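Source file: my_file32.cif. Holds: mmCIF, C-alpha atoms.
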```cif
data_input
loop_
_atom_site.label_atom_id
_atom_site.label_comp_id
_atom_site.auth_asym_id
_atom_site.auth_seq_id
_atom_site.Cartn_x
_atom_site.Cartn_y
_atom_site.Cartn_z
CA MET A 1 -88.00 123.96 276.14
CA SER A 2 -90.70 126.53 275.42
CA TYR A 3 -92.25 126.95 271.99
CA GLY A 4 -90.75 130.42 271.76
CA GLU A 5 -87.15 129.26 272.04
CA PRO A 6 -86.74 127.89 268.47
CA LEU A 7 -88.18 131.11 267.09
CA ALA A 8 -85.91 133.19 269.28
CA LEU A 9 -82.89 131.14 268.23
CA ARG A 10 -83.80 131.49 264.56
CA GLY A 11 -84.24 135.21 265.04
CA GLN A 12 -80.81 135.48 266.66
CA ILE A 13 -79.21 133.59 263.77
CA GLU A 14 -80.91 135.84 261.24
CA LEU A 15 -79.70 138.94 263.12
CA GLU A 16 -76.15 137.60 263.13
CA GLN A 17 -76.35 136.90 259.40
CA VAL A 18 -77.61 140.42 258.72
CA ALA A 19 -74.82 141.88 260.89
CA ALA A 20 -72.18 139.83 259.06
CA ALA A 21 -73.54 140.85 255.66
CA THR A 22 -73.61 144.50 256.76
CA GLU A 23 -69.98 144.26 257.91
CA VAL A 24 -68.95 142.80 254.53
CA ASP A 25 -70.86 145.53 252.69
CA SER A 26 -69.24 148.23 254.84
CA ARG A 27 -65.78 146.80 254.17
CA GLU A 28 -66.43 146.65 250.43
CA ILE A 29 -67.64 150.26 250.44
CA ALA A 30 -64.54 151.35 252.37
CA ASP A 31 -62.29 149.44 249.96
CA GLN A 32 -63.97 151.06 246.96
CA LYS A 33 -63.60 154.52 248.48
CA PHE A 34 -59.90 153.84 249.03
CA ILE A 35 -59.51 152.69 245.41
CA ASP A 36 -61.30 155.84 244.25
CA ARG A 37 -58.82 157.93 246.23
CA LEU A 38 -55.95 156.07 244.58
CA LYS A 39 -57.44 156.68 241.15
CA ARG A 40 -57.70 160.40 241.92
CA GLY A 41 -53.97 160.35 242.60
CA GLU A 42 -54.16 161.26 246.29
CA ALA A 43 -50.65 161.15 247.74
CA ALA A 44 -51.91 160.17 251.20
CA ALA A 45 -53.74 157.16 249.77
CA PHE A 46 -50.61 155.92 247.99
CA GLU A 47 -48.52 156.46 251.11
CA LYS A 48 -51.03 154.32 252.99
CA LEU A 49 -50.91 151.64 250.29
CA VAL A 50 -47.10 151.52 250.35
CA HIS A 51 -47.05 151.48 254.15
CA GLU A 52 -49.50 148.59 254.35
CA ARG A 53 -48.22 146.45 251.47
CA SER A 54 -44.53 147.15 250.88
CA GLY A 55 -43.34 144.70 253.53
CA GLU A 56 -45.19 141.72 252.13
CA ILE A 57 -44.35 142.66 248.53
CA TYR A 58 -40.67 142.86 249.44
CA GLY A 59 -40.93 139.47 251.15
CA LEU A 60 -42.49 137.94 248.04
CA LEU A 61 -39.87 139.41 245.72
CA PHE A 62 -37.01 138.38 247.99
CA ARG A 63 -38.22 134.79 247.96
CA LEU A 64 -38.53 134.88 244.19
CA THR A 65 -35.11 136.48 243.58
CA GLU A 66 -33.09 135.52 246.71
CA ASN A 67 -31.41 138.91 246.31
CA PRO A 68 -32.19 141.70 248.82
CA GLU A 69 -31.01 144.51 246.53
CA GLU A 70 -33.06 143.24 243.59
CA ALA A 71 -36.05 142.74 245.87
CA ARG A 72 -35.83 146.36 247.05
CA ASP A 73 -35.53 147.66 243.49
CA LEU A 74 -38.42 145.52 242.29
CA THR A 75 -40.58 146.60 245.24
CA GLN A 76 -40.07 150.24 244.23
CA GLU A 77 -40.82 149.40 240.60
CA THR A 78 -43.95 147.52 241.65
CA PHE A 79 -45.46 150.49 243.46
CA LEU A 80 -44.38 152.87 240.71
CA ARG A 81 -46.18 150.68 238.18
CA ALA A 82 -49.20 150.46 240.49
CA PHE A 83 -49.27 154.27 240.67
CA GLN A 84 -49.08 154.49 236.87
CA SER A 85 -51.69 151.78 236.27
CA ILE A 86 -54.27 152.30 239.02
CA ALA A 87 -56.60 154.14 236.63
CA HIS A 88 -56.96 150.88 234.70
CA PHE A 89 -57.77 148.79 237.79
CA ARG A 90 -61.21 147.30 237.05
CA GLY A 91 -61.80 145.42 240.29
CA GLU A 92 -61.80 141.96 238.69
CA SER A 93 -59.64 140.87 241.62
CA ASP A 94 -58.99 142.50 244.97
CA LEU A 95 -56.34 145.20 245.25
CA ARG A 96 -53.86 142.94 247.06
CA THR A 97 -53.97 140.28 244.34
CA TRP A 98 -53.61 142.99 241.66
CA ILE A 99 -50.46 144.35 243.32
CA TYR A 100 -49.02 140.85 243.71
CA ARG A 101 -49.56 140.31 240.01
CA ILE A 102 -47.66 143.50 239.21
CA ALA A 103 -44.82 142.39 241.49
CA ILE A 104 -44.61 138.98 239.82
CA ASN A 105 -44.57 140.61 236.38
CA GLN A 106 -41.74 142.90 237.49
CA ALA A 107 -39.78 139.88 238.69
CA ARG A 108 -40.44 138.12 235.39
CA ASN A 109 -39.17 141.13 233.48
CA ARG A 110 -36.01 141.06 235.56
CA TRP A 111 -35.62 137.32 234.89
CA ARG A 112 -35.89 137.98 231.16
CA TRP A 113 -33.22 140.66 231.49
CA TRP A 114 -30.91 138.18 233.24
CA ARG A 115 -31.98 135.24 231.11
CA ARG A 116 -28.43 133.92 230.73
CA ARG A 117 -28.19 133.57 234.48
CA LYS A 118 -30.03 130.65 235.89
CA ARG A 119 -33.16 131.87 237.70
CA GLU A 120 -35.52 128.97 238.43
CA VAL A 121 -38.47 128.08 240.81
CA THR A 122 -40.44 125.88 243.51
CA VAL A 123 -41.20 124.37 247.06
CA SER A 124 -42.47 121.64 249.61
CA LEU A 125 -42.85 118.17 251.11
CA ASP A 126 -45.51 115.44 251.65
CA ALA A 127 -48.73 115.31 253.73
CA THR A 128 -51.77 117.50 253.11
CA ASP A 129 -51.65 120.84 251.33
CA ASP A 130 -52.10 122.80 254.58
CA GLN A 131 -49.46 120.72 256.36
CA GLN A 132 -47.03 121.33 253.52
CA ARG A 133 -47.59 125.07 253.66
CA GLN A 134 -47.32 125.23 257.46
CA SER A 135 -44.11 123.18 257.40
CA LEU A 136 -42.50 125.47 254.85
CA VAL A 137 -43.53 128.65 256.66
CA ALA A 138 -42.25 127.23 259.94
CA THR A 139 -38.89 126.44 258.35
CA LEU A 140 -38.44 129.85 256.73
CA LYS A 141 -39.88 131.93 259.58
CA CYS A 142 -38.86 130.01 262.70
CA GLU A 143 -38.41 132.40 265.64
CA ALA A 144 -38.50 129.89 268.49
CA VAL A 145 -35.79 129.82 271.16
CA LEU A 146 -33.51 126.92 270.25
CA THR A 147 -30.52 125.23 271.79
CA PRO A 148 -27.22 125.80 269.94
CA GLU A 149 -27.47 122.34 268.40
CA GLN A 150 -31.10 122.89 267.33
CA HIS A 151 -30.21 126.30 265.96
CA THR A 152 -27.40 124.83 263.86
CA LEU A 153 -29.68 122.11 262.47
CA ALA A 154 -32.47 124.61 261.77
CA GLN A 155 -30.05 126.95 260.02
CA GLU A 156 -28.70 124.11 257.87
CA ARG A 157 -32.22 123.09 256.89
CA GLU A 158 -33.21 126.68 256.07
CA GLU A 159 -30.13 127.13 253.89
CA ALA A 160 -30.86 123.85 252.10
CA LEU A 161 -34.48 124.86 251.56
CA ARG A 162 -33.58 128.29 250.20
CA ALA A 163 -30.99 126.75 247.90
CA ALA A 164 -33.56 124.23 246.65
CA LEU A 165 -36.11 126.99 246.07
CA LYS A 166 -33.59 129.05 244.16
CA SER A 167 -32.65 126.14 241.88
CA LEU A 168 -36.21 125.31 240.82
CA ARG A 169 -37.95 126.50 237.71
CA ARG A 170 -39.41 129.99 237.94
CA VAL A 171 -43.00 128.96 237.20
CA TYR A 172 -42.86 126.43 240.04
CA ARG A 173 -41.31 128.84 242.52
CA GLU A 174 -43.98 131.45 241.82
CA ALA A 175 -46.81 129.01 242.53
CA VAL A 176 -45.22 127.47 245.60
CA VAL A 177 -44.18 130.76 247.17
CA LEU A 178 -47.66 132.20 246.68
CA ARG A 179 -49.35 129.10 248.12
CA ASP A 180 -46.99 127.71 250.73
CA ILE A 181 -45.46 130.93 252.06
CA GLU A 182 -47.88 133.74 251.23
CA GLY A 183 -50.95 131.57 251.89
CA PHE A 184 -52.88 132.54 248.77
CA ALA A 185 -55.94 130.52 247.80
CA TYR A 186 -55.83 128.63 244.50
CA GLU A 187 -58.21 131.14 242.93
CA GLU A 188 -55.99 134.07 243.97
CA ILE A 189 -52.89 132.38 242.57
CA ALA A 190 -54.67 131.67 239.31
CA THR A 191 -55.59 135.35 239.05
CA ALA A 192 -52.12 136.60 240.01
CA LEU A 193 -50.37 134.31 237.52
CA ASP A 194 -53.10 134.48 234.85
CA ILE A 195 -53.44 130.70 234.66
CA SER A 196 -56.17 128.16 235.41
CA ILE A 197 -56.70 126.61 238.84
CA GLY A 198 -55.83 123.24 237.32
CA THR A 199 -52.48 124.63 236.16
CA VAL A 200 -51.87 126.08 239.63
CA LYS A 201 -52.38 122.65 241.21
CA SER A 202 -50.21 120.98 238.59
CA ARG A 203 -47.33 123.42 239.13
CA LEU A 204 -47.60 123.02 242.89
CA ALA A 205 -47.49 119.23 242.64
CA ARG A 206 -44.55 119.26 240.24
CA GLY A 207 -42.71 121.90 242.25
CA ARG A 208 -43.19 120.15 245.57
CA GLN A 209 -42.05 116.85 244.11
CA GLU A 210 -38.92 118.45 242.69
CA LEU A 211 -38.21 120.29 245.91
CA ARG A 212 -38.59 117.11 247.94
CA ARG A 213 -36.14 115.35 245.65
CA LYS A 214 -33.59 118.14 246.04
CA LEU A 215 -33.99 118.26 249.80
CA GLU A 216 -33.61 114.51 250.17
CA GLY A 217 -30.33 114.76 248.34
CA SER A 218 -28.99 117.61 250.48
CA LEU A 219 -30.15 116.79 254.02
#
```

Is it possible to give me this structure as structure tokens?
Amino acid sequence: MSYGEPLALRGQIELEQVAAATEVDSREIADQKFIDRLKRGEAAAFEKLVHERSGEIYGLLFRLTENPEEARDLTQETFLRAFQSIAHFRGESDLRTWIYRIAINQARNRWRWWRRRKREVTVSLDATDDQQRQSLVATLKCEAVLTPEQHTLAQEREEALRAALKSLRRVYREAVVLRDIEGFAYEEIATALDISIGTVKSRLARGRQELRRKLEGSL
């Protein structure tokens, strides 16, 4: 090894770090420009926002309500509220987390409206946190080619899991859906739900325990 190689390697690493930082800066600038367009009320910017986010917002709201019609209505209300409130967006979280928070608040308002009807929340199993999340996503989003017997078993398990989710307390379902299905980080969930990270972890643990108990009794 020549004496110049360590210096060359260090120089390459520094160049890669600069490139990565530049890419992050460019993305942040682009995001801020897009937010500025939204705040100016540009129709094209809102159309882009709806196009990019409506699918995942609908998916979130469907998992929280288990009702496709309600999920569609709440998705529309979410983007309407986002349009009305974007001027007050201060950038304390990213735009995606902010919209998720609006969606969750819309669902909560609907729950309050239907308070006499049981609308409760939660999710998951054992193993590590990542394994729990991957297992749940695989169950709810399985697209593999299955034999008829495997398909029947998978369908039964999915129905049992959805029923268990629907029967859990709302605060648990919110946390578990955001973590185990949507893949949010603890910090993002805390921001979306306006709670501490410790409370997020507590709700996840309680929700997963309750879900496991319900699944053990139904499978």

Between A:Ala190, A:Ala107, A:Arg90, A:Ala44, which one has atoms that come closest to Arg72 in chain A, using only C-alpha atoms?
A:Ala107

When the PyMOL selection byres ((chain A and resi 164) around 8) is applied to the file above, which residues end up in the set, as an NGL selection string?
:A and (122-123 or 160-163 or 165-168 or 211 or 214-215)

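Evaluated against the shown file, the PyMOL selection byres ((chain A and resi 59) around 12) gives A:Arg53, A:Ser54, A:Gly55, A:Glu56, A:Ile57, A:Tyr58, A:Leu60, A:Leu61, A:Phe62, A:Arg63, A:Leu64, A:Thr65, A:Glu66, A:Asn67, A:Pro68, A:Glu70, A:Ala71, A:Arg72, A:Leu74, A:Thr75, A:Tyr100, A:Ala103, A:Ile104, A:Leu140, A:Lys141, A:Val177, A:Leu178, A:Ile181, A:Glu182.
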
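Our summary of the geometry notes that CA of Arg37 in chain A is positioned 20.9 Å from CA of Arg101 in chain A.
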
So what do you get for CA of His88 in chain A versus CA of Val200 in chain A, distance-wise?
25.8 Å

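Proximity of A:Lys39, A:Arg179, A:Arg208, A:Lys48 to Gln84 in chain A, computed with only C-alpha atoms, is greatest for A:Lys39.
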
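Around Ala175 in chain A, within 7 Å and counting all atoms listed in the file, the residues found are A:Ile189, A:Val200, A:Arg203, A:Leu204, once anything fewer than 6 positions away on its own chain is removed.
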
Tell me, as a ChimeraX atom specification, which residues lie within 10 Å of Gly41 in chain A, counting all atoms listed in the file; anything in the same chain fewer than 4 positions away does not count.
/A:35-37,45-46,83-84,86-87

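Interatomic distance, CA of Ile102 in chain A against CA of Thr78 in chain A: 6.0 Å.
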